[in-house]
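Below is one structure, written out as structure tokens; the observations come after it.
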Amino acid sequence: MRQFSKKYVCIKKDREFRWLFKNGSCTVTKAFICYFRENKRRNNRLGIVAGKKIGGAVQRNRARRVIREAFRLIEPELASSTEKRYDFIFVARSVAVHMKSTGILKLMRKNIPGKLAQRSDS
RNA sequence: CAACUUUAUUGUGCGGUCGCGGGGAGUGAUCCGUGAGGAAAGUCCGGGCAUCACAGAGCAGGAUAGCUGCUAACGGCAGCCGGAGGCGACUCUAGGGCUAGUGCAACAGAAAUAUACCGCACCUUUUGGUGUAAGGGUGGAAAGGCGAGGUAAGAGCUCACCGCGGGACGGGAGACCGUUGCCGCCUGUAAACCCUAUCCGAUGCAACGCCGAUUGGUUCCGGGGAUAGACCGCUUGCUCGGCGGUCCCGGAUUAAGGCGGCUUGAGCCUUUCGGCGACGAAAGGCAUAGAUAGAUGACCGCACCCGACAGAACCCGGCUUACAGAUAAAGUUGCGAU
RNA sequence: GCGCCAAUAGCUCAGCUGGAUAGAGUAUUUGGCUACGAACCAAAGGGUCGGGGGUUCGAAUCCCUCUUGGCGUG
């Protein structure tokens with residue numbers, strides 16, 4: 001298990017990861033599995049998990065970078081569309097290694113906003 | 001030209017926009033410059049560095065194993081010697097000692113470090129005895145091989161040649177090589193125990209050093225409070241009595257956390273000199289990651305063969321393993337041409 | 001990152017020290033027992049001993065190397 005995220009909007013602690021896996025909602029695509037839950041902070045927070053399953057260090061780094069880049073692009077859209085802020089954890093799957101970040105971004109646009117809306121309705 | 005052998009280098013490149021780590025400049029917005037590998041890998045060896053231990057020596061345990069050198073050191077490298085393979089360039093080689101001792105050698109075979117089954121010969125006699133190791137067969141291995149002499153039949157029993165071992169002599173720095181009118185013929189296995197020679201203290205940056213409060217734990221010290229009652233420990237088993245503790249404050253210690261260690265080091269490049277070479281010496285030049293859940297991605301343009309294996313985590317020297325291709329040098333063999 | 005183990009039948013393990021037959025339990029299949037099953041009894045099949053190389057007459061075992069799992073350590 002390997003965890004990563006950016007400095008000022010990161011999820012670091014092991015217990016936070018566990019908490020999200022247990023209590024968060026999730027959505028699944030071919031490239032990643034996304035867990036998310038509303039938080040009470042000012043920022044959206046990000047955590048990425050790239051397990052040993054998907055390959056060596058090169059493959060894991062690649063997956064992390066691609067997901068992080070895609071999240072960087074979609075984050076302003078999420079922030080502007082709703083007042084609420086969320087914690088996200090992306091678990092990389094082996095397909096993500098061979099994808100471009102634009103491909104991941106499309107998957108995120110397609111899946112995430114809808115799911116967020118669903119949760120806030122219910 | 002074809003088929004090879006060896007060695008070395010390289011590992012998409014350039015420009016633009018956004019994004020990330022470290023550094024520098026600035027009050028600041030921001031700007032400048034920099035940012036993974038030959039294996040960064042496996043963690044198989046050797047060091048540096050750090051803490052602990054340590055008078056010296058020995059035993060035990062581990063490692064290495066032709067020689068001479070190189071080196072901080074090595075199980076690495078260079079050159080040479082011996083052995084094996086190849087027409088050759090060349091490649092591979094744990095390569096000390098079973099003639100120090102002990103152990104092991106299944107099955108087969110008469111017999112496995114010793115012997116006599118079938119044979120062969122002689123003597124007795126119809127069955128044994130004696131002498132043999134030519135031949136047969138077994139096995140990885142059967143008292144060196146082969147020929148002649150010799151003999152009842154045979155045998156290094158004797159002789160010539162060859163092989164191996166020892167001694168002597170000569171050459172070499174040494175491993176070794178050569179000669180020999182001398183002495184011998186000894187199974188294999190030490191990646192079996194072991195012997196000989198040389199080397200080795202242990203643990204590893206999650207080492208180690210420093211900082212650290214309104215927090216928690218632990219034990220100790222100092223001061224104060226309480227000793228009405230309760231509880232715990234000690235005081236011999238019980239009762240009484242006694243002593244210490246509980247609560248508060250301060251200090252020490254430790255854990256989460258932060259900083260250092262953290263990149264200038266046996267450094268890299270060029271030239272000259274010494275050396276067959278590994279390498280060493282001198283001169284000149286270069287600044288080249290330092291993260292701490294862990295930094296390199298996305299998009300656009302151009303070119304081509306459309307880019308392999310793959311990501312630093314204290315640092316070096318090697319080894320081993322993975323690797324699409326591209327380039328250069330030296331050399332061998334074969335064919336053809338001149 | 002550092003330190004250290006293991007790999008043998010479908011599954012769980014022994015054999016490795018000290019070299020020459022790969023074995024046990026379980027599972028599978030067949031037969032018996034039973035009215036039928038379970039249990040029990042008897043038998044059978046099933047092994048590149050993780051891969052490669054070396055030492056040896058001979059390697060699951062000894063040596064080297066690679067691969068795959070697992071453990072410890074803040």
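Convention: chains lettered A, B, ... in structure tokens order; per-chain residue numbering from 1; ligands numbered from 1 as shown.
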Give me the residues within 12 Å of B:A8 as a CSV table (one decimal) with C-alpha atoms (C1' of nucleotides), in the first residue's frame, counting only C-alpha atoms (C1' of nucleotides) and dropping any in the same chain fewer than 6 places off.
chain,number,residue,atom,x,y,z
B,327,U,C1',27.1,4.0,-32.9
B,328,A,C1',32.5,3.3,-32.8
B,329,A,C1',37.1,0.6,-32.5
B,330,A,C1',40.2,-3.8,-32.7
Extract, using only C-alpha atoms (C1' of nucleotides), all DNA, RNA and protein residues at most 12 Å from C:U28, discarding same-chain residues fewer than 3 positions from it, and format them as a CSV table (one decimal) with N, CA, C and O atoms (P, O5', C5', C4', C3', O3' and C1' of nucleotides), in the first residue's frame.
chain,number,residue,atom,x,y,z
C,9,A,P,3.8,-30.2,-3.7
C,9,A,O5',3.3,-31.7,-4.0
C,9,A,C5',3.3,-32.2,-5.3
C,9,A,C4',2.1,-33.1,-5.6
C,9,A,C3',0.7,-32.5,-5.1
C,9,A,O3',-0.3,-32.8,-6.1
C,9,A,C1',1.1,-34.7,-4.3
C,10,G,P,-0.6,-31.7,-7.2
C,10,G,O5',-1.8,-30.9,-6.5
C,10,G,C5',-2.5,-29.9,-7.2
C,10,G,C4',-3.7,-29.4,-6.5
C,10,G,C3',-3.5,-29.0,-5.0
C,10,G,O3',-3.2,-27.7,-4.9
C,10,G,C1',-5.3,-30.6,-5.2
C,11,C,P,-2.0,-27.2,-3.9
C,11,C,O5',-2.6,-27.4,-2.5
C,11,C,C5',-3.7,-26.5,-2.0
C,11,C,C4',-4.2,-26.9,-0.6
C,11,C,C3',-3.1,-27.0,0.5
C,11,C,O3',-2.8,-25.8,1.1
C,11,C,C1',-4.4,-29.0,0.5
C,44,A,P,-2.2,-50.5,-4.0
C,44,A,O5',-2.8,-49.6,-5.1
C,44,A,C5',-3.1,-50.1,-6.4
C,44,A,C4',-4.0,-49.1,-7.3
C,44,A,C3',-3.3,-47.8,-7.6
C,44,A,O3',-2.4,-47.9,-8.7
C,44,A,C1',-5.5,-47.4,-6.8
C,45,G,P,-1.0,-47.1,-8.7
C,45,G,O5',-1.5,-45.7,-9.3
C,45,G,C5',-2.1,-45.6,-10.6
C,45,G,C4',-2.9,-44.3,-10.7
C,45,G,C3',-2.1,-43.0,-10.6
C,45,G,O3',-1.5,-42.6,-11.8
C,45,G,C1',-4.1,-42.9,-9.2
C,46,G,P,0.0,-42.1,-11.7
C,46,G,O5',-0.2,-40.6,-11.1
C,46,G,C5',-1.0,-39.6,-11.7
C,46,G,C4',-1.3,-38.5,-10.8
C,46,G,C3',-0.1,-37.8,-10.2
C,46,G,O3',0.5,-36.9,-11.0
C,46,G,C1',-1.7,-38.3,-8.5
8 Å contacts from chain B to chain A using only C-alpha atoms (C1' of nucleotides), as a list in words: G19, A293, G294, G297, A298, A310 and G311 of chain B
So that I have them on file, write out the residues from the current selection with N, CA, C and O atoms (P, O5', C5', C4', C3', O3' and C1' of nucleotides), as a tab-separated table (two decimals), in the first residue's frame.
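The resulting file, part-v7.tsv, is shown below:
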chain	number	residue	atom	x	y	z
B	19	G	P	0.76	27.45	-13.09
B	19	G	O5'	0.98	25.91	-12.71
B	19	G	C5'	-0.08	25.15	-12.12
B	19	G	C4'	0.36	23.73	-11.83
B	19	G	C3'	1.57	23.58	-10.92
B	19	G	O3'	1.24	23.74	-9.54
B	19	G	C1'	1.81	22.13	-12.76
B	293	A	P	5.69	12.99	4.95
B	293	A	O5'	5.11	11.90	3.94
B	293	A	C5'	5.69	11.71	2.65
B	293	A	C4'	4.74	10.95	1.76
B	293	A	C3'	3.36	11.56	1.64
B	293	A	O3'	2.89	11.44	0.30
B	293	A	C1'	3.19	9.34	2.49
B	294	G	P	2.96	12.71	-0.65
B	294	G	O5'	4.50	12.89	-0.95
B	294	G	C5'	5.13	12.10	-1.95
B	294	G	C4'	6.62	12.26	-1.85
B	294	G	C3'	7.40	11.36	-2.80
B	294	G	O3'	7.71	12.05	-4.00
B	294	G	C1'	8.13	11.02	-0.57
B	297	G	P	7.41	12.60	-16.62
B	297	G	O5'	5.85	12.61	-16.90
B	297	G	C5'	4.93	11.96	-16.01
B	297	G	C4'	3.70	12.82	-15.81
B	297	G	C3'	3.03	13.36	-17.07
B	297	G	O3'	2.22	12.36	-17.69
B	297	G	C1'	3.20	15.09	-15.47
B	298	A	P	1.97	12.43	-19.28
B	298	A	O5'	0.99	13.68	-19.45
B	298	A	C5'	-0.37	13.60	-18.99
B	298	A	C4'	-1.06	14.93	-19.21
B	298	A	C3'	-1.05	15.43	-20.65
B	298	A	O3'	-2.08	14.82	-21.42
B	298	A	C1'	-0.46	17.19	-19.18
B	310	A	P	11.27	-4.25	-16.06
B	310	A	O5'	11.88	-3.42	-14.86
B	310	A	C5'	11.36	-2.15	-14.51
B	310	A	C4'	12.51	-1.17	-14.36
B	310	A	C3'	12.27	-0.04	-13.35
B	310	A	O3'	12.64	-0.48	-12.06
B	310	A	C1'	13.14	0.84	-15.38
B	311	G	P	11.78	-0.07	-10.75
B	311	G	O5'	12.52	1.23	-10.26
B	311	G	C5'	12.07	2.52	-10.66
B	311	G	C4'	13.05	3.56	-10.21
B	311	G	C3'	12.82	4.04	-8.78
B	311	G	O3'	14.05	4.34	-8.17
B	311	G	C1'	12.51	5.83	-10.31
When you look at B:A148 with a cut-off of 12 Å (counting only C-alpha atoms (C1' of nucleotides)), what residues show up, excluding the ones that are within fewer than 4 positions of it in the same chain? I need them as a list in words. U158, C159, A160 and C161 of chain B
Prev. selection, N, CA and C atoms (P, O5', C5', C4', C3', O3' and C1' of nucleotides), output as an mmCIF file, in the first residue's frame:
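The resulting file, out11.cif, is shown below:
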data_model
loop_
_atom_site.group_PDB
_atom_site.id
_atom_site.type_symbol
_atom_site.label_atom_id
_atom_site.label_comp_id
_atom_site.auth_asym_id
_atom_site.auth_seq_id
_atom_site.Cartn_x
_atom_site.Cartn_y
_atom_site.Cartn_z
ATOM 1 P P U B 158 61.665 -55.892 -11.120
ATOM 2 O "O5'" U B 158 62.377 -56.303 -12.479
ATOM 3 C "C5'" U B 158 63.714 -56.811 -12.474
ATOM 4 C "C4'" U B 158 64.182 -57.104 -13.885
ATOM 5 C "C3'" U B 158 64.124 -55.931 -14.854
ATOM 6 O "O3'" U B 158 65.251 -55.070 -14.705
ATOM 7 C "C1'" U B 158 63.231 -57.864 -15.908
ATOM 8 P P C B 159 65.074 -53.510 -15.023
ATOM 9 O "O5'" C B 159 64.942 -53.508 -16.611
ATOM 10 C "C5'" C B 159 66.078 -53.786 -17.427
ATOM 11 C "C4'" C B 159 65.679 -53.835 -18.896
ATOM 12 C "C3'" C B 159 65.029 -52.567 -19.452
ATOM 13 O "O3'" C B 159 65.989 -51.562 -19.737
ATOM 14 C "C1'" C B 159 63.846 -54.473 -20.222
ATOM 15 P P A B 160 65.510 -49.998 -19.735
ATOM 16 O "O5'" A B 160 64.774 -49.876 -21.142
ATOM 17 C "C5'" A B 160 65.528 -49.903 -22.370
ATOM 18 C "C4'" A B 160 64.623 -49.775 -23.575
ATOM 19 C "C3'" A B 160 63.686 -48.574 -23.561
ATOM 20 O "O3'" A B 160 64.344 -47.381 -23.962
ATOM 21 C "C1'" A B 160 62.484 -50.508 -24.200
ATOM 22 P P C B 161 63.971 -46.003 -23.215
ATOM 23 O "O5'" C B 161 62.524 -45.654 -23.781
ATOM 24 C "C5'" C B 161 62.354 -45.354 -25.181
ATOM 25 C "C4'" C B 161 60.876 -45.331 -25.541
ATOM 26 C "C3'" C B 161 60.005 -44.401 -24.715
ATOM 27 O "O3'" C B 161 60.102 -43.035 -25.113
ATOM 28 C "C1'" C B 161 58.919 -46.488 -24.956
#
Work out how far atom C1' of B:C14 is from atom C1' of B:C32, in Å to one decimal.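 Spanning atom C1' of B:C32 to atom C1' of B:C14 is a straight-line distance of 21.9 Å.
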Identify, on the basis of only C-alpha atoms (C1' of nucleotides), every residue whose closest approach to stretch 29-34 of chain A does not exceed 8 Å; exclude the query and any residue fewer than 6 positions from it along the same chain; express the result as number ranges by chain. A: 88-96, 104, 107
May I have the residues from that selection written out with all heavy atoms, as an mmCIF file, in the first residue's frame?
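File again.cif, as written:
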data_model
loop_
_atom_site.group_PDB
_atom_site.id
_atom_site.type_symbol
_atom_site.label_atom_id
_atom_site.label_comp_id
_atom_site.auth_asym_id
_atom_site.auth_seq_id
_atom_site.Cartn_x
_atom_site.Cartn_y
_atom_site.Cartn_z
ATOM 1 N N PHE A 88 -11.422 13.350 -0.932
ATOM 2 C CA PHE A 88 -11.430 12.325 -1.974
ATOM 3 C C PHE A 88 -10.271 11.361 -1.769
ATOM 4 O O PHE A 88 -9.160 11.776 -1.424
ATOM 5 C CB PHE A 88 -11.255 12.949 -3.363
ATOM 6 C CG PHE A 88 -12.393 13.794 -3.785
ATOM 7 C CD1 PHE A 88 -12.374 15.168 -3.570
ATOM 8 C CD2 PHE A 88 -13.508 13.221 -4.397
ATOM 9 C CE1 PHE A 88 -13.434 15.956 -3.965
ATOM 10 C CE2 PHE A 88 -14.570 14.014 -4.796
ATOM 11 C CZ PHE A 88 -14.540 15.385 -4.579
ATOM 12 N N ILE A 89 -10.519 10.074 -2.003
ATOM 13 C CA ILE A 89 -9.421 9.110 -2.120
ATOM 14 C C ILE A 89 -9.599 8.352 -3.428
ATOM 15 O O ILE A 89 -10.663 7.792 -3.698
ATOM 16 C CB ILE A 89 -9.410 8.113 -0.948
ATOM 17 C CG1 ILE A 89 -9.057 8.835 0.342
ATOM 18 C CG2 ILE A 89 -8.418 6.994 -1.212
ATOM 19 C CD1 ILE A 89 -9.049 7.952 1.538
ATOM 20 N N PHE A 90 -8.547 8.382 -4.238
ATOM 21 C CA PHE A 90 -8.559 7.625 -5.485
ATOM 22 C C PHE A 90 -7.656 6.405 -5.323
ATOM 23 O O PHE A 90 -6.480 6.538 -4.964
ATOM 24 C CB PHE A 90 -8.052 8.480 -6.643
ATOM 25 C CG PHE A 90 -8.994 9.583 -7.006
ATOM 26 C CD1 PHE A 90 -8.860 10.835 -6.415
ATOM 27 C CD2 PHE A 90 -10.013 9.366 -7.917
ATOM 28 C CE1 PHE A 90 -9.734 11.864 -6.744
ATOM 29 C CE2 PHE A 90 -10.891 10.389 -8.250
ATOM 30 C CZ PHE A 90 -10.752 11.640 -7.665
ATOM 31 N N VAL A 91 -8.234 5.255 -5.579
ATOM 32 C CA VAL A 91 -7.428 4.031 -5.601
ATOM 33 C C VAL A 91 -7.154 3.700 -7.053
ATOM 34 O O VAL A 91 -8.082 3.468 -7.818
ATOM 35 C CB VAL A 91 -8.170 2.865 -4.925
ATOM 36 C CG1 VAL A 91 -7.329 1.597 -4.981
ATOM 37 C CG2 VAL A 91 -8.497 3.216 -3.487
ATOM 38 N N ALA A 92 -5.868 3.698 -7.420
ATOM 39 C CA ALA A 92 -5.504 3.480 -8.820
ATOM 40 C C ALA A 92 -5.675 2.013 -9.183
ATOM 41 O O ALA A 92 -5.389 1.120 -8.379
ATOM 42 C CB ALA A 92 -4.058 3.907 -9.050
ATOM 43 N N ARG A 93 -6.180 1.792 -10.402
ATOM 44 C CA ARG A 93 -6.222 0.423 -10.921
ATOM 45 C C ARG A 93 -5.197 0.313 -12.048
ATOM 46 O O ARG A 93 -4.710 1.308 -12.554
ATOM 47 C CB ARG A 93 -7.627 0.105 -11.457
ATOM 48 C CG ARG A 93 -8.714 0.418 -10.439
ATOM 49 C CD ARG A 93 -10.081 0.110 -10.987
ATOM 50 N NE ARG A 93 -10.343 -1.328 -10.940
ATOM 51 C CZ ARG A 93 -11.507 -1.870 -11.326
ATOM 52 N NH1 ARG A 93 -12.468 -1.104 -11.810
ATOM 53 N NH2 ARG A 93 -11.685 -3.164 -11.236
ATOM 54 N N SER A 94 -4.896 -0.909 -12.425
ATOM 55 C CA SER A 94 -3.763 -1.115 -13.334
ATOM 56 C C SER A 94 -3.964 -0.463 -14.695
ATOM 57 O O SER A 94 -2.998 -0.156 -15.380
ATOM 58 C CB SER A 94 -3.473 -2.604 -13.493
ATOM 59 O OG SER A 94 -4.647 -3.271 -13.874
ATOM 60 N N VAL A 95 -5.225 -0.241 -15.119
ATOM 61 C CA VAL A 95 -5.487 0.381 -16.424
ATOM 62 C C VAL A 95 -4.984 1.816 -16.439
ATOM 63 O O VAL A 95 -4.518 2.313 -17.467
ATOM 64 C CB VAL A 95 -7.001 0.357 -16.732
ATOM 65 C CG1 VAL A 95 -7.270 0.924 -18.108
ATOM 66 C CG2 VAL A 95 -7.523 -1.071 -16.641
ATOM 67 N N ALA A 96 -5.010 2.499 -15.298
ATOM 68 C CA ALA A 96 -4.644 3.912 -15.220
ATOM 69 C C ALA A 96 -3.210 4.179 -15.671
ATOM 70 O O ALA A 96 -2.905 5.255 -16.172
ATOM 71 C CB ALA A 96 -4.835 4.414 -13.798
ATOM 72 N N ILE A 104 -8.408 10.242 -17.946
ATOM 73 C CA ILE A 104 -8.842 10.167 -16.555
ATOM 74 C C ILE A 104 -9.788 11.328 -16.247
ATOM 75 O O ILE A 104 -10.802 11.159 -15.569
ATOM 76 C CB ILE A 104 -7.619 10.233 -15.616
ATOM 77 C CG1 ILE A 104 -6.597 9.166 -15.968
ATOM 78 C CG2 ILE A 104 -8.051 10.151 -14.167
ATOM 79 C CD1 ILE A 104 -6.789 7.842 -15.331
ATOM 80 N N LEU A 107 -13.230 10.681 -17.414
ATOM 81 C CA LEU A 107 -13.908 9.750 -16.505
ATOM 82 C C LEU A 107 -14.397 10.469 -15.248
ATOM 83 O O LEU A 107 -15.489 10.213 -14.757
ATOM 84 C CB LEU A 107 -12.961 8.612 -16.110
ATOM 85 C CG LEU A 107 -12.746 7.520 -17.154
ATOM 86 C CD1 LEU A 107 -11.664 6.568 -16.677
ATOM 87 C CD2 LEU A 107 -14.043 6.768 -17.420
#
At a cut-off of 12 Å, using only C-alpha atoms (C1' of nucleotides), what residues contact A:Thr82? Leave out same-chain residues fewer than 4 positions from it and give the result as a list in words. Glu38, Asn43, Asn44, Glu75, Pro76, Glu77, Leu78, Tyr86, Pro113, Leu116, Ala117 and Ser120 of chain A
How would the residues just chosen look if you wrote them out with all heavy atoms as a CSV table (one decimal), in the first residue's frame?
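The resulting result.csv:
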chain,number,residue,atom,x,y,z
A,38,GLU,N,-18.2,14.4,2.5
A,38,GLU,CA,-18.1,15.8,2.8
A,38,GLU,C,-17.3,16.1,4.0
A,38,GLU,O,-17.3,15.3,5.0
A,38,GLU,CB,-19.6,16.3,3.1
A,38,GLU,CG,-19.7,17.8,3.1
A,38,GLU,CD,-21.2,18.2,3.4
A,38,GLU,OE1,-22.1,17.3,3.1
A,38,GLU,OE2,-21.4,19.3,3.9
A,43,ASN,N,-11.1,23.6,2.0
A,43,ASN,CA,-10.5,23.0,0.7
A,43,ASN,C,-11.0,21.6,0.5
A,43,ASN,O,-11.4,20.9,1.4
A,43,ASN,CB,-9.0,22.9,0.8
A,43,ASN,CG,-8.4,24.3,0.9
A,43,ASN,OD1,-8.8,25.2,0.2
A,43,ASN,ND2,-7.5,24.5,1.8
A,44,ASN,N,-11.0,21.2,-0.8
A,44,ASN,CA,-11.2,19.8,-1.2
A,44,ASN,C,-9.8,19.1,-0.9
A,44,ASN,O,-8.8,19.7,-1.2
A,44,ASN,CB,-11.5,19.7,-2.6
A,44,ASN,CG,-12.9,20.0,-2.9
A,44,ASN,OD1,-13.8,19.7,-2.2
A,44,ASN,ND2,-13.1,20.8,-4.0
A,75,GLU,N,-10.6,20.1,-10.0
A,75,GLU,CA,-10.8,20.7,-8.7
A,75,GLU,C,-11.5,22.0,-8.7
A,75,GLU,O,-12.5,22.3,-8.0
A,75,GLU,CB,-9.5,20.7,-7.9
A,75,GLU,CG,-9.7,20.8,-6.4
A,75,GLU,CD,-9.7,22.2,-5.9
A,75,GLU,OE1,-9.0,23.1,-6.5
A,75,GLU,OE2,-10.3,22.5,-4.9
A,76,PRO,N,-11.1,23.0,-9.6
A,76,PRO,CA,-11.7,24.3,-9.6
A,76,PRO,C,-13.2,24.2,-10.0
A,76,PRO,O,-14.1,24.9,-9.5
A,76,PRO,CB,-11.0,25.1,-10.7
A,76,PRO,CG,-9.6,24.4,-10.7
A,76,PRO,CD,-9.9,23.0,-10.4
A,77,GLU,N,-13.5,23.3,-10.9
A,77,GLU,CA,-14.9,23.1,-11.4
A,77,GLU,C,-15.8,22.7,-10.2
A,77,GLU,O,-16.9,23.2,-10.0
A,77,GLU,CB,-15.0,22.1,-12.5
A,77,GLU,CG,-14.1,22.4,-13.7
A,77,GLU,CD,-14.1,21.3,-14.7
A,77,GLU,OE1,-15.0,20.4,-14.7
A,77,GLU,OE2,-13.2,21.3,-15.5
A,78,LEU,N,-15.3,21.7,-9.4
A,78,LEU,CA,-16.0,21.2,-8.3
A,78,LEU,C,-16.2,22.3,-7.2
A,78,LEU,O,-17.3,22.5,-6.7
A,78,LEU,CB,-15.3,20.0,-7.6
A,78,LEU,CG,-15.2,18.8,-8.5
A,78,LEU,CD1,-14.3,17.8,-7.8
A,78,LEU,CD2,-16.5,18.2,-8.8
A,86,TYR,N,-15.1,18.5,0.0
A,86,TYR,CA,-15.1,17.0,0.2
A,86,TYR,C,-13.7,16.5,0.4
A,86,TYR,O,-12.7,17.1,0.0
A,86,TYR,CB,-15.7,16.3,-1.0
A,86,TYR,CG,-17.1,16.6,-1.3
A,86,TYR,CD1,-17.5,17.7,-2.0
A,86,TYR,CD2,-18.1,15.8,-0.7
A,86,TYR,CE1,-18.8,18.0,-2.2
A,86,TYR,CE2,-19.5,16.1,-0.9
A,86,TYR,CZ,-19.8,17.2,-1.7
A,86,TYR,OH,-21.1,17.5,-1.9
A,113,PRO,N,-19.4,14.6,-10.4
A,113,PRO,CA,-20.4,15.6,-10.0
A,113,PRO,C,-21.7,15.0,-9.8
A,113,PRO,O,-22.4,15.3,-8.8
A,113,PRO,CB,-20.4,16.5,-11.2
A,113,PRO,CG,-19.1,16.3,-11.9
A,113,PRO,CD,-18.7,14.9,-11.7
A,116,LEU,N,-21.8,13.3,-6.4
A,116,LEU,CA,-21.9,14.3,-5.3
A,116,LEU,C,-23.3,14.8,-5.2
A,116,LEU,O,-23.8,14.9,-4.0
A,116,LEU,CB,-20.9,15.4,-5.6
A,116,LEU,CG,-19.4,15.1,-5.6
A,116,LEU,CD1,-18.6,16.4,-5.8
A,116,LEU,CD2,-19.0,14.5,-4.3
A,117,ALA,N,-24.0,15.1,-6.3
A,117,ALA,CA,-25.3,15.6,-6.3
A,117,ALA,C,-26.3,14.6,-5.6
A,117,ALA,O,-27.1,15.0,-4.7
A,117,ALA,CB,-25.8,15.9,-7.7
A,120,SER,N,-25.9,14.6,-1.8
A,120,SER,CA,-26.4,15.7,-1.1
A,120,SER,C,-27.9,15.7,-1.1
A,120,SER,O,-28.5,16.3,-0.2
A,120,SER,CB,-25.8,17.0,-1.8
A,120,SER,OG,-26.2,17.1,-3.1
Residues of stretch 16-117 of chain A in helix (DSSP H, G or I), written as a count of residues only: 58
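Across chain A, DSSP run on the backbone finds strand (DSSP E or B) at Gln3, Phe4, Cys10, Ser25, Cys26, Thr27, Val28, Phe32, Ile33, Cys34, Tyr35, Phe36, Arg37, Glu38, Asn39, Arg45, Leu46, Gly47, Ile48, Val49, Arg85, Tyr86, Asp87, Phe88, Ile89, Phe90, Val91 and Ala92 of chain A.
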Could you state the separation of atom C1' of C:C71 and atom C1' of B:G42 in Å, given to one decimal place?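 These atoms are spaced 18.8 Å apart.
One finds atom C1' of B:A337 at 19.4 Å from atom C1' of B:A3.
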Applying 12 Å and only C-alpha atoms (C1' of nucleotides), which residues near C:G31 remain after dropping the ones on its own chain fewer than 3 positions away? List them as a PyMOL selection string. chain C and resi 41-44
Output the selection as a tab-separated table (two decimals), in the first residue's frame - C-alpha atoms (C1' of nucleotides) for each residue.
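Saved result, again-v1.tsv, follows:
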chain	number	residue	atom	x	y	z
C	41	C	C1'	-12.15	-51.42	6.06
C	42	A	C1'	-9.21	-52.49	1.51
C	43	A	C1'	-6.85	-50.83	-2.92
C	44	A	C1'	-5.49	-47.40	-6.83
Set the distance at 10 Å and use only C-alpha atoms (C1' of nucleotides): which residues neighbour C:U65 once local chain neighbours fewer than 4 positions away are removed? I'd like the list as a VMD selection string. (chain B and resid 44 320 to 321) or (chain C and resid 52 to 53)
Nearest to C:G74: which of B:A53, B:A206, B:A303, B:A168 is it, counting only C-alpha atoms (C1' of nucleotides)?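 That would be B:A206, the residue with the smallest distance to C:G74.
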Would you mind telling me which residue in A:Lys84, A:Arg37, A:Val97, A:Arg109 lies nearest to A:Lys22 when using only C-alpha atoms? A:Arg37
